[in-house]
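Asks: This one is model-v1.cif, mmCIF, C-alpha atoms and all ligand atoms.
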data_protein
#
loop_
_atom_site.label_atom_id
_atom_site.label_comp_id
_atom_site.auth_asym_id
_atom_site.auth_seq_id
_atom_site.Cartn_x
_atom_site.Cartn_y
_atom_site.Cartn_z
CA GLN A 19 -20.50 12.33 41.32
CA LYS A 20 -21.06 9.38 43.60
CA ALA A 21 -24.56 10.69 44.15
CA SER A 22 -25.38 10.57 40.46
CA ALA A 23 -24.81 6.83 40.41
CA SER A 24 -27.37 6.20 43.14
CA ILE A 25 -29.89 8.97 42.42
CA THR A 26 -31.30 8.09 39.09
CA ARG A 27 -34.83 7.57 37.93
CA PHE A 28 -36.31 5.49 40.76
CA PRO A 29 -39.04 3.08 39.76
CA LEU A 30 -42.55 3.64 41.09
CA ILE A 31 -44.11 1.18 43.51
CA PRO A 32 -47.82 1.34 44.31
CA VAL A 33 -48.84 2.12 47.89
CA ARG A 34 -52.55 1.35 48.24
CA GLY A 35 -52.83 1.76 44.50
CA VAL A 36 -50.92 5.06 44.33
CA PRO A 37 -47.58 4.95 42.46
CA LEU A 38 -44.84 6.41 44.65
CA MET A 39 -41.08 6.56 44.19
CA SER A 40 -39.52 3.35 45.50
CA TYR A 41 -37.74 5.10 48.37
CA ILE A 42 -41.05 6.48 49.61
CA ALA A 43 -42.88 3.18 49.15
CA ASN A 44 -40.12 1.27 50.96
CA ASN A 45 -40.32 3.64 53.90
CA TRP A 46 -44.09 3.79 53.95
CA ASP A 47 -44.72 2.48 57.47
CA SER A 48 -42.74 5.24 59.16
CA ILE A 49 -44.34 7.92 56.97
CA TRP A 50 -47.85 6.70 57.78
CA ALA A 51 -46.96 6.60 61.50
CA PHE A 52 -45.78 10.23 61.57
CA ARG A 53 -47.48 12.13 64.41
CA PRO A 54 -47.66 15.87 63.81
CA ASP A 55 -48.20 18.41 66.55
CA PRO A 56 -51.57 20.20 66.51
CA SER A 57 -49.66 23.42 65.80
CA ASP A 58 -48.11 22.03 62.60
CA LEU A 59 -49.40 23.29 59.26
CA LEU A 60 -49.70 21.02 56.23
CA ILE A 61 -49.27 22.37 52.69
CA ALA A 62 -50.62 19.73 50.33
CA THR A 63 -50.51 19.76 46.53
CA TYR A 64 -50.31 17.56 43.50
CA PRO A 65 -46.71 18.04 42.26
CA LYS A 66 -46.17 21.31 40.32
CA ALA A 67 -49.33 23.07 41.49
CA GLY A 68 -47.57 25.95 43.27
CA THR A 69 -46.21 24.30 46.41
CA THR A 70 -42.96 26.26 46.66
CA TRP A 71 -44.75 29.56 46.07
CA THR A 72 -47.21 28.81 48.86
CA GLN A 73 -44.43 27.66 51.20
CA GLU A 74 -42.66 31.00 50.65
CA ILE A 75 -45.81 33.04 51.26
CA VAL A 76 -46.51 31.14 54.48
CA ASP A 77 -42.94 31.49 55.75
CA LEU A 78 -43.01 35.23 55.08
CA LEU A 79 -46.38 35.60 56.81
CA LEU A 80 -45.03 33.73 59.83
CA HIS A 81 -42.01 36.07 59.88
CA ASN A 82 -43.96 39.30 59.35
CA GLY A 83 -42.46 39.79 55.88
CA ASP A 84 -38.84 39.60 57.06
CA ALA A 85 -36.98 38.67 53.85
CA GLU A 86 -33.69 37.97 55.64
CA ALA A 87 -35.31 35.60 58.13
CA CYS A 88 -36.80 33.69 55.21
CA LYS A 89 -33.35 33.32 53.67
CA ARG A 90 -32.13 31.34 56.70
CA ALA A 91 -32.23 28.10 54.69
CA PRO A 92 -33.53 26.66 51.42
CA THR A 93 -37.24 25.85 51.11
CA PRO A 94 -37.01 22.11 51.86
CA VAL A 95 -35.10 22.80 55.08
CA ARG A 96 -37.44 25.59 56.27
CA SER A 97 -40.49 23.56 55.33
CA PRO A 98 -39.71 19.83 55.18
CA PHE A 99 -41.18 17.52 52.57
CA LEU A 100 -42.95 14.89 54.69
CA GLU A 101 -42.63 11.75 52.58
CA ILE A 102 -39.43 12.42 50.67
CA CYS A 103 -36.59 10.03 51.17
CA SER A 104 -33.78 9.18 48.85
CA PRO A 105 -30.14 8.28 49.20
CA PRO A 106 -27.79 10.99 50.54
CA PRO A 107 -27.14 13.90 50.03
CA ILE A 108 -30.85 14.67 50.46
CA PRO A 109 -31.96 14.19 54.07
CA SER A 110 -35.35 12.57 54.44
CA GLY A 111 -38.35 14.66 55.38
CA LEU A 112 -38.88 12.64 58.54
CA ASP A 113 -35.24 13.21 59.62
CA LEU A 114 -35.61 16.96 59.17
CA LEU A 115 -38.90 16.99 61.04
CA LYS A 116 -37.37 15.06 63.93
CA GLU A 117 -34.75 17.78 64.38
CA MET A 118 -37.27 20.59 64.24
CA GLY A 119 -39.61 21.57 67.02
CA PRO A 120 -43.24 22.45 66.26
CA PRO A 121 -44.87 24.52 64.91
CA ARG A 122 -43.64 23.33 61.54
CA VAL A 123 -44.77 23.97 57.98
CA ILE A 124 -44.87 20.55 56.35
CA LYS A 125 -45.11 19.94 52.62
CA THR A 126 -46.72 16.86 51.13
CA HIS A 127 -47.80 15.62 47.71
CA LEU A 128 -49.65 12.66 49.20
CA PRO A 129 -53.23 12.21 48.06
CA PHE A 130 -55.78 12.74 50.82
CA GLN A 131 -56.17 9.07 51.75
CA LEU A 132 -52.42 8.64 52.25
CA VAL A 133 -51.92 11.65 54.54
CA PRO A 134 -50.96 10.28 57.97
CA PRO A 135 -54.18 10.26 60.02
CA GLY A 136 -52.47 12.14 62.87
CA PHE A 137 -52.95 15.38 60.91
CA TRP A 138 -56.73 15.07 61.03
CA GLU A 139 -56.87 13.58 64.53
CA ASN A 140 -54.89 16.58 65.79
CA LYS A 141 -56.98 19.00 63.75
CA CYS A 142 -53.91 20.48 62.08
CA LYS A 143 -54.51 23.30 59.67
CA ALA A 144 -53.95 22.42 56.02
CA ILE A 145 -53.64 24.46 52.85
CA TYR A 146 -54.31 22.72 49.55
CA VAL A 147 -53.25 24.33 46.28
CA ALA A 148 -54.73 23.11 43.02
CA ARG A 149 -53.68 24.06 39.49
CA ASN A 150 -55.61 23.44 36.28
CA ALA A 151 -54.83 20.02 34.83
CA LYS A 152 -53.29 21.16 31.56
CA ASP A 153 -50.79 23.61 33.01
CA ASN A 154 -50.09 21.20 35.86
CA LEU A 155 -49.30 18.49 33.31
CA VAL A 156 -46.98 20.71 31.26
CA SER A 157 -45.11 21.78 34.38
CA TYR A 158 -44.81 18.16 35.56
CA TYR A 159 -43.46 17.10 32.16
CA TYR A 160 -40.60 19.60 32.31
CA PHE A 161 -39.96 18.69 35.93
CA ASP A 162 -39.69 15.00 35.10
CA CYS A 163 -37.17 15.87 32.40
CA MET A 164 -34.91 17.66 34.89
CA ASN A 165 -35.53 15.77 38.15
CA LEU A 166 -33.36 12.70 37.85
CA THR A 167 -35.07 10.92 40.75
CA GLN A 168 -38.33 10.69 38.79
CA PRO A 169 -39.04 8.08 36.11
CA GLU A 170 -38.18 9.04 32.51
CA PRO A 171 -41.04 11.14 31.17
CA GLY A 172 -40.67 9.73 27.65
CA PRO A 173 -42.16 11.62 24.71
CA TRP A 174 -44.75 14.35 25.34
CA GLU A 175 -47.58 12.53 23.55
CA GLY A 176 -47.24 9.44 25.73
CA TYR A 177 -46.79 11.55 28.86
CA ILE A 178 -50.24 13.09 28.38
CA HIS A 179 -51.74 9.60 28.48
CA LYS A 180 -49.74 8.60 31.56
CA PHE A 181 -51.12 11.69 33.30
CA MET A 182 -54.67 10.84 32.22
CA ARG A 183 -54.25 7.28 33.52
CA GLY A 184 -52.81 8.43 36.84
CA GLU A 185 -49.50 6.68 36.27
CA LEU A 186 -47.15 9.48 37.32
CA SER A 187 -45.56 9.77 40.77
CA TRP A 188 -48.20 10.50 43.43
CA GLY A 189 -50.88 9.09 41.18
CA SER A 190 -53.95 10.59 39.60
CA TRP A 191 -54.26 14.39 39.43
CA TYR A 192 -58.02 13.91 39.12
CA ASP A 193 -58.39 11.89 42.33
CA HIS A 194 -55.97 14.21 44.14
CA VAL A 195 -57.86 17.46 43.47
CA LYS A 196 -61.26 15.79 43.95
CA ASP A 197 -60.53 14.08 47.25
CA TYR A 198 -59.20 17.21 48.96
CA TRP A 199 -62.12 19.18 47.48
CA VAL A 200 -64.63 16.76 48.99
CA GLU A 201 -62.88 16.82 52.38
CA ARG A 202 -62.18 20.54 52.56
CA GLU A 203 -65.10 21.59 54.73
CA LYS A 204 -65.09 18.68 57.12
CA ARG A 205 -61.32 19.03 57.68
CA ASN A 206 -61.16 22.82 57.57
CA ILE A 207 -58.74 22.74 54.63
CA LEU A 208 -58.06 26.05 52.88
CA TYR A 209 -58.43 25.14 49.19
CA LEU A 210 -56.60 27.56 46.90
CA PHE A 211 -56.09 27.80 43.15
CA TYR A 212 -52.83 28.65 41.41
CA GLU A 213 -54.80 30.71 38.87
CA ASP A 214 -56.34 32.85 41.65
CA MET A 215 -52.87 33.45 43.08
CA LYS A 216 -51.64 34.63 39.69
CA GLU A 217 -54.70 36.78 39.10
CA ASN A 218 -54.70 38.53 42.45
CA PRO A 219 -51.80 37.50 44.69
CA ARG A 220 -52.67 40.08 47.34
CA ARG A 221 -56.16 38.67 47.80
CA GLU A 222 -54.80 35.14 48.18
CA VAL A 223 -51.99 36.17 50.57
CA GLU A 224 -54.65 37.84 52.73
CA ARG A 225 -56.77 34.73 52.57
CA ILE A 226 -53.85 32.64 53.83
CA MET A 227 -53.15 35.23 56.55
CA ARG A 228 -56.74 35.04 57.85
CA TYR A 229 -56.74 31.24 57.74
CA LEU A 230 -53.58 31.19 59.87
CA ASP A 231 -55.12 33.68 62.33
CA LEU A 232 -52.34 36.13 61.61
CA SER A 233 -52.59 39.85 61.19
CA VAL A 234 -49.89 41.73 59.33
CA SER A 235 -49.94 45.32 58.08
CA ASP A 236 -50.87 46.35 54.55
CA GLU A 237 -47.29 47.33 53.96
CA VAL A 238 -46.08 43.88 54.96
CA ILE A 239 -48.66 42.26 52.68
CA ASN A 240 -47.37 44.38 49.80
CA ARG A 241 -43.84 43.32 50.58
CA ILE A 242 -44.79 39.64 50.70
CA VAL A 243 -46.53 39.92 47.32
CA GLU A 244 -43.40 41.50 45.88
CA LEU A 245 -40.98 39.01 47.46
CA THR A 246 -43.03 36.07 46.19
CA SER A 247 -43.37 37.27 42.60
CA PHE A 248 -42.15 34.70 40.09
CA LYS A 249 -39.21 36.90 39.16
CA ASN A 250 -38.04 37.43 42.72
CA MET A 251 -38.41 33.81 43.69
CA LYS A 252 -36.53 32.71 40.57
CA GLU A 253 -33.61 34.89 41.67
CA ASN A 254 -33.80 33.85 45.33
CA PRO A 255 -31.28 31.03 45.95
CA MET A 256 -33.23 30.02 49.06
CA ALA A 257 -36.43 29.54 47.02
CA ASN A 258 -35.33 28.44 43.55
CA TYR A 259 -34.07 24.95 44.41
CA SER A 260 -30.49 25.74 43.38
CA CYS A 261 -29.76 24.02 46.73
CA ILE A 262 -30.38 20.62 45.12
CA PRO A 263 -27.21 19.35 43.42
CA THR A 264 -27.13 18.99 39.65
CA PRO A 265 -27.10 15.19 39.58
CA VAL A 266 -30.55 15.37 41.19
CA PHE A 267 -32.15 18.49 39.65
CA ASP A 268 -30.50 19.37 36.35
CA GLN A 269 -31.68 22.94 35.95
CA SER A 270 -29.80 23.24 32.65
CA ILE A 271 -32.46 20.92 31.19
CA SER A 272 -35.32 23.02 32.61
CA PRO A 273 -35.17 25.48 35.49
CA PHE A 274 -37.24 24.75 38.59
CA MET A 275 -38.70 28.25 38.27
CA ARG A 276 -39.61 27.63 34.66
CA LYS A 277 -42.35 29.99 33.46
CA GLY A 278 -44.83 30.56 36.26
CA GLU A 279 -47.80 31.34 34.02
CA VAL A 280 -51.39 30.37 33.44
CA GLY A 281 -52.12 29.05 29.95
CA ASP A 282 -48.68 27.78 28.94
CA TRP A 283 -50.50 24.55 27.96
CA THR A 284 -51.62 26.31 24.76
CA ASN A 285 -47.97 26.23 23.64
CA HIS A 286 -47.78 22.45 24.10
CA PHE A 287 -51.09 20.70 23.36
CA THR A 288 -52.02 20.23 19.72
CA PRO A 289 -55.74 20.83 19.02
CA GLU A 290 -56.19 17.07 18.72
CA GLN A 291 -54.43 16.36 22.04
CA SER A 292 -56.50 19.06 23.68
CA LYS A 293 -59.74 17.53 22.40
CA ILE A 294 -58.85 14.04 23.64
CA PHE A 295 -57.76 15.44 26.98
CA ASP A 296 -60.94 17.51 27.42
CA GLU A 297 -63.24 14.59 26.63
CA ASP A 298 -61.47 12.38 29.14
CA TYR A 299 -61.45 15.24 31.69
CA GLU A 300 -65.25 15.55 31.51
CA GLN A 301 -65.58 11.88 32.35
CA GLN A 302 -63.06 11.87 35.17
CA MET A 303 -64.39 15.07 36.75
CA LYS A 304 -68.12 14.60 36.20
CA GLU A 305 -69.12 14.04 39.81
CA VAL A 306 -67.63 17.32 41.10
CA ASN A 307 -67.73 20.92 40.06
CA ILE A 308 -64.37 22.39 40.97
CA PRO A 309 -64.00 25.86 39.44
CA PHE A 310 -60.74 25.35 37.53
CA ARG A 311 -59.67 27.92 34.99
CA THR A 312 -57.25 27.05 32.17
CA LEU A 313 -56.85 30.70 31.17
CA ILE A 314 -57.17 33.95 33.13
P1 LIG B 1 -44.02 26.12 35.71
O1 LIG B 1 -43.28 24.85 35.44
O2 LIG B 1 -45.31 26.19 34.95
O3 LIG B 1 -43.20 27.35 35.52
P2 LIG B 1 -44.22 23.31 42.74
O4 LIG B 1 -43.61 24.31 43.64
O5 LIG B 1 -45.51 22.76 43.23
O6 LIG B 1 -43.24 22.28 42.31
O7 LIG B 1 -44.68 24.08 41.42
C1 LIG B 1 -43.74 24.60 40.51
C2 LIG B 1 -44.47 25.46 39.52
O8 LIG B 1 -44.86 26.69 40.18
C3 LIG B 1 -43.58 25.87 38.35
O9 LIG B 1 -44.47 26.10 37.25
C4 LIG B 1 -42.99 27.16 38.90
O10 LIG B 1 -42.43 28.01 37.92
C5 LIG B 1 -44.23 27.78 39.53
N1 LIG B 1 -43.91 28.83 40.51
C6 LIG B 1 -43.03 28.78 41.51
N2 LIG B 1 -42.98 29.97 42.16
C7 LIG B 1 -43.88 30.77 41.55
C8 LIG B 1 -44.29 32.13 41.74
N3 LIG B 1 -43.76 32.87 42.71
N4 LIG B 1 -45.22 32.62 40.92
C9 LIG B 1 -45.76 31.88 39.94
N5 LIG B 1 -45.42 30.59 39.69
C10 LIG B 1 -44.48 30.04 40.50
#
Translate the structure described by the file into structure tokens.
Ligand code: A3P

Replies:
Amino acid sequence: QKASASITRFPLIPVRGVPLMSYIANNWDSIWAFRPDPSDLLIATYPKAGTTWTQEIVDLLLHNGDAEACKRAPTPVRSPFLEICSPPPIPSGLDLLKEMGPPRVIKTHLPFQLVPPGFWENKCKAIYVARNAKDNLVSYYYFDCMNLTQPEPGPWEGYIHKFMRGELSWGSWYDHVKDYWVEREKRNILYLFYEDMKENPRREVERIMRYLDLSVSDEVINRIVELTSFKNMKENPMANYSCIPTPVFDQSISPFMRKGEVGDWTNHFTPEQSKIFDEDYEQQMKEVNIPFRTLI
């Protein structure tokens, strides 16, 4: 219970214009100075785009589909979250990385310009996962309700506008997806879509396998697809974030593995909210043509 007193709704502090949780902002210099090994892999996402799913697929590919090996520890221990730092009991990402030898699978939500430059200098591989804005927003709303380290989401209507203005933790969804999109070829970033993973998980698992220069059998691919289904990950205590104590993630408010679908936004946006959102989206996304799908 001591933890609950200290872990509650951190304010956001801008780092080069990007709102980040105060603990991250206050530790910014050491995060920016992090030097990865060239063998490290970065998994980058805007929050709630399918990070945990991708981390699980990658871990299974690296362990040739061995389910037991991938139950050695919970997701954030197997694949540390680079910038996260908060009061105990959660160890910081940098502390975990220090204890772990390369090659490591490192998660980040940092927008492209805040990723420590060592990743690109060392030509590390990077996988980016993007999810359509409306589903991403719905998922983030529920997450902010249950994750007591994040600022209060407030009412749904106002939350939509905070998202559109880029005021949520880790900043603007629009800038996030656009900046990695623009950099993807130059930096050899594998740019994936949550909707493609839902539509044809096998195809996307194979795409990740090829990008990582791995080769696993068809049978192992099938097993990985099965083990990383929404249902199986929801039941897997090493993948469903039940490792995070209730004062931090209150899964009775909303489970971490909530719905795992494409198009859940249709259950939340009113027609009027959808219209306002779409008009703003056109403006914010006009200079790029990223093939997002809001339904499959
Ligand atoms: P929902 O809130 O829409 O259910 P992240 O890992 O980036 O925080 O993303 C979490 C979102 O991905 C949640 O979305 C979660 O349910 C979904 N998710 C996690 N594992 C999944 C899986 N195996 N298949 C489909 N969706 C998954």

Asks: Restricting the calculation to all atoms listed in the file: of A:Cys261, A:Leu132, A:Leu114, A:Met275, which residue gets closest to Ser247 in chain A?

Replies: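 That would be A:Met275, the residue with the smallest distance to Ser247 in chain A.
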
Asks: From the set A:Ser157, A:Phe310, A:Met303, A:Asn250, which residue has the shortest atom-to-atom contact distance to Asn285 in chain A, counting all atoms listed in the file?

Replies: A:Ser157

Asks: Got a sec to check which residues lie within 6 Å of ligand LIG 1 (chain B), using only C-alpha atoms and all ligand atoms, and send them as a list of chain:residue names?

Replies: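 Within the 6 Å cut-off, the matching residues are A:Pro65, A:Lys66, A:Ala67, A:Gly68, A:Thr69, A:Thr70, A:Trp71, A:Ser157, A:Thr246, A:Ser247, A:Phe248, A:Met251, A:Met275, A:Arg276, A:Lys277, A:Gly278, A:Glu279.
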
Asks: Could you save those same residues with C-alpha atoms as an mmCIF file, in the frame of the given file?

Replies:
data_model
loop_
_atom_site.group_PDB
_atom_site.id
_atom_site.type_symbol
_atom_site.label_atom_id
_atom_site.label_comp_id
_atom_site.auth_asym_id
_atom_site.auth_seq_id
_atom_site.Cartn_x
_atom_site.Cartn_y
_atom_site.Cartn_z
ATOM 1 C CA PRO A 65 -46.710 18.040 42.260
ATOM 2 C CA LYS A 66 -46.170 21.310 40.320
ATOM 3 C CA ALA A 67 -49.330 23.070 41.490
ATOM 4 C CA GLY A 68 -47.570 25.950 43.270
ATOM 5 C CA THR A 69 -46.210 24.300 46.410
ATOM 6 C CA THR A 70 -42.960 26.260 46.660
ATOM 7 C CA TRP A 71 -44.750 29.560 46.070
ATOM 8 C CA SER A 157 -45.110 21.780 34.380
ATOM 9 C CA THR A 246 -43.030 36.070 46.190
ATOM 10 C CA SER A 247 -43.370 37.270 42.600
ATOM 11 C CA PHE A 248 -42.150 34.700 40.090
ATOM 12 C CA MET A 251 -38.410 33.810 43.690
ATOM 13 C CA MET A 275 -38.700 28.250 38.270
ATOM 14 C CA ARG A 276 -39.610 27.630 34.660
ATOM 15 C CA LYS A 277 -42.350 29.990 33.460
ATOM 16 C CA GLY A 278 -44.830 30.560 36.260
ATOM 17 C CA GLU A 279 -47.800 31.340 34.020
#

Asks: Env of Pro171 in chain A: 7 Å cut, atoms = only C-alpha atoms, seq-sep filter 2 positions within chain, self excluded. Answer as a PyMOL selection string.

Replies: chain A and resi 159+162-163+169+173+177

Asks: So which residues are close to (-53.5, 14.8, 41.4), meaning at most 10 Å away in the file's coordinates with only C-alpha atoms counted, and can you show them as number ranges by chain?

Replies: A: 63-67, 127-130, 148-149, 151, 154-155, 181, 184, 186-198

Asks: Take the selection from the previous step and output its residues with C-alpha atoms, as a CSV table (one decimal), keeping the file's coordinate frame.

Replies:
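Done, and the output landed in out_34.csv:
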chain,number,residue,atom,x,y,z
A,63,THR,CA,-50.5,19.8,46.5
A,64,TYR,CA,-50.3,17.6,43.5
A,65,PRO,CA,-46.7,18.0,42.3
A,66,LYS,CA,-46.2,21.3,40.3
A,67,ALA,CA,-49.3,23.1,41.5
A,127,HIS,CA,-47.8,15.6,47.7
A,128,LEU,CA,-49.6,12.7,49.2
A,129,PRO,CA,-53.2,12.2,48.1
A,130,PHE,CA,-55.8,12.7,50.8
A,148,ALA,CA,-54.7,23.1,43.0
A,149,ARG,CA,-53.7,24.1,39.5
A,151,ALA,CA,-54.8,20.0,34.8
A,154,ASN,CA,-50.1,21.2,35.9
A,155,LEU,CA,-49.3,18.5,33.3
A,181,PHE,CA,-51.1,11.7,33.3
A,184,GLY,CA,-52.8,8.4,36.8
A,186,LEU,CA,-47.2,9.5,37.3
A,187,SER,CA,-45.6,9.8,40.8
A,188,TRP,CA,-48.2,10.5,43.4
A,189,GLY,CA,-50.9,9.1,41.2
A,190,SER,CA,-54.0,10.6,39.6
A,191,TRP,CA,-54.3,14.4,39.4
A,192,TYR,CA,-58.0,13.9,39.1
A,193,ASP,CA,-58.4,11.9,42.3
A,194,HIS,CA,-56.0,14.2,44.1
A,195,VAL,CA,-57.9,17.5,43.5
A,196,LYS,CA,-61.3,15.8,44.0
A,197,ASP,CA,-60.5,14.1,47.2
A,198,TYR,CA,-59.2,17.2,49.0

Asks: Would you mind listing what lies within 7 Å of Asn82 in chain A as a compact mmCIF listing (two decimals) with C-alpha atoms, keeping the file's coordinate frame, with all atoms listed in the file counted and same-chain residues fewer than 2 positions away left out?

Replies:
# COMPACT_ATOMS: atom_id res chain seq x y z
CA LEU A 78 -43.01 35.23 55.08
CA LEU A 79 -46.38 35.60 56.81
CA LEU A 80 -45.03 33.73 59.83
CA ASP A 84 -38.84 39.60 57.06
CA VAL A 234 -49.89 41.73 59.33
CA VAL A 238 -46.08 43.88 54.96

Asks: Check the smallest atom-to-atom distance from each of A:Ile178, A:Val200, A:Leu232, A:Val280 to Lys216 in chain A using all atoms listed in the file, then report the winner.

Replies: A:Val280

Asks: Closest to Trp138 in chain A among A:Lys252, A:Arg27, A:Arg311, A:Arg202, using all atoms listed in the file?

Replies: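 Of all the options, A:Arg202 lies closest to Trp138 in chain A.
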
Asks: May I ask which of the residues A:Glu224, A:Lys141, A:Met256, A:Asp296 is the closest one to Val95 in chain A, counting only C-alpha atoms?

Replies: A:Met256

Asks: So how many Å separate CA of Lys143 in chain A and CA of Arg225 in chain A, to one decimal?

Replies: 13.6 Å

Asks: If I take CA of Leu30 in chain A and CA of Ala43 in chain A, how far is one from the other in Å, to one decimal?

Replies: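 These two atoms are separated by 8.1 Å.
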
Asks: One number please: CA of Glu185 in chain A to CA of Gln302 in chain A, in Å, one decimal.

Replies: 14.6 Å

Asks: With all atoms listed in the file as the basis for distance, which of A:Phe267, A:Tyr209, A:Phe287, A:Phe28 is at the shortest distance from Ala144 in chain A?

Replies: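 Nearest candidate to Ala144 in chain A out of A:Phe267, A:Tyr209, A:Phe287, A:Phe28: A:Tyr209.
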
Asks: Would you kindly return, as an MDAnalysis selection string, each protein, DNA or RNA residue with an atom no farther than 7 Å from any atom of Pro134 in chain A, considering only C-alpha atoms and excluding same-chain residues fewer than 3 positions away?

Replies: chainID A and resid 50:52 137

Asks: Within 8 Å of Asn140 in chain A, counting only C-alpha atoms, which residues show up once you throw out same-chain ones fewer than 3 positions away? Write them as a list in words, please.

Replies: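 The contact residues come out as Pro54, Asp55, Pro56, Gly136 and Phe137 of chain A.
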
Asks: Leaving out Gly281 in chain A and any residue of its chain fewer than 6 positions from it, which residues lie within 9 Å of it when counting only C-alpha atoms, given as a VMD selection string?

Replies: chain A and resid 152 to 153 312 to 314

Asks: Let me know the centre plus edge lengths, in Å and rounded to one decimal, of a box with edges along x, y and z that contains all listed atoms of range 147-150 of chain A and is padded by 8 Å on every side, as lines of an AutoDock Vina configuration file.

Replies:
center_x = -54.4
center_y = 23.7
center_z = 41.3
size_x = 18.4
size_y = 17.2
size_z = 26.0

Asks: With C-alpha atoms as the atom set, please write range 81-97 of chain A from the structure just given, as a PDB file, in the first residue's frame.

Replies:
ATOM      1  CA  HIS A  81      13.409 -18.837 -28.919  1.00  0.00           C
ATOM      2  CA  ASN A  82      12.218 -20.932 -31.863  1.00  0.00           C
ATOM      3  CA  GLY A  83       8.636 -20.993 -30.550  1.00  0.00           C
ATOM      4  CA  ASP A  84       9.576 -22.373 -27.119  1.00  0.00           C
ATOM      5  CA  ALA A  85       6.584 -21.339 -24.970  1.00  0.00           C
ATOM      6  CA  GLU A  86       8.263 -22.307 -21.693  1.00  0.00           C
ATOM      7  CA  ALA A  87      11.376 -20.264 -22.438  1.00  0.00           C
ATOM      8  CA  CYS A  88       9.138 -17.272 -23.089  1.00  0.00           C
ATOM      9  CA  LYS A  89       7.506 -17.721 -19.697  1.00  0.00           C
ATOM     10  CA  ARG A  90      10.843 -17.144 -17.932  1.00  0.00           C
ATOM     11  CA  ALA A  91       9.732 -13.663 -16.838  1.00  0.00           C
ATOM     12  CA  PRO A  92       7.029 -11.072 -17.471  1.00  0.00           C
ATOM     13  CA  THR A  93       7.187  -8.981 -20.651  1.00  0.00           C
ATOM     14  CA  PRO A  94       8.846  -5.880 -19.143  1.00  0.00           C
ATOM     15  CA  VAL A  95      11.643  -7.995 -17.682  1.00  0.00           C
ATOM     16  CA  ARG A  96      12.248 -10.012 -20.875  1.00  0.00           C
ATOM     17  CA  SER A  97      12.064  -6.886 -22.991  1.00  0.00           C
TER      18      SER A  97
END
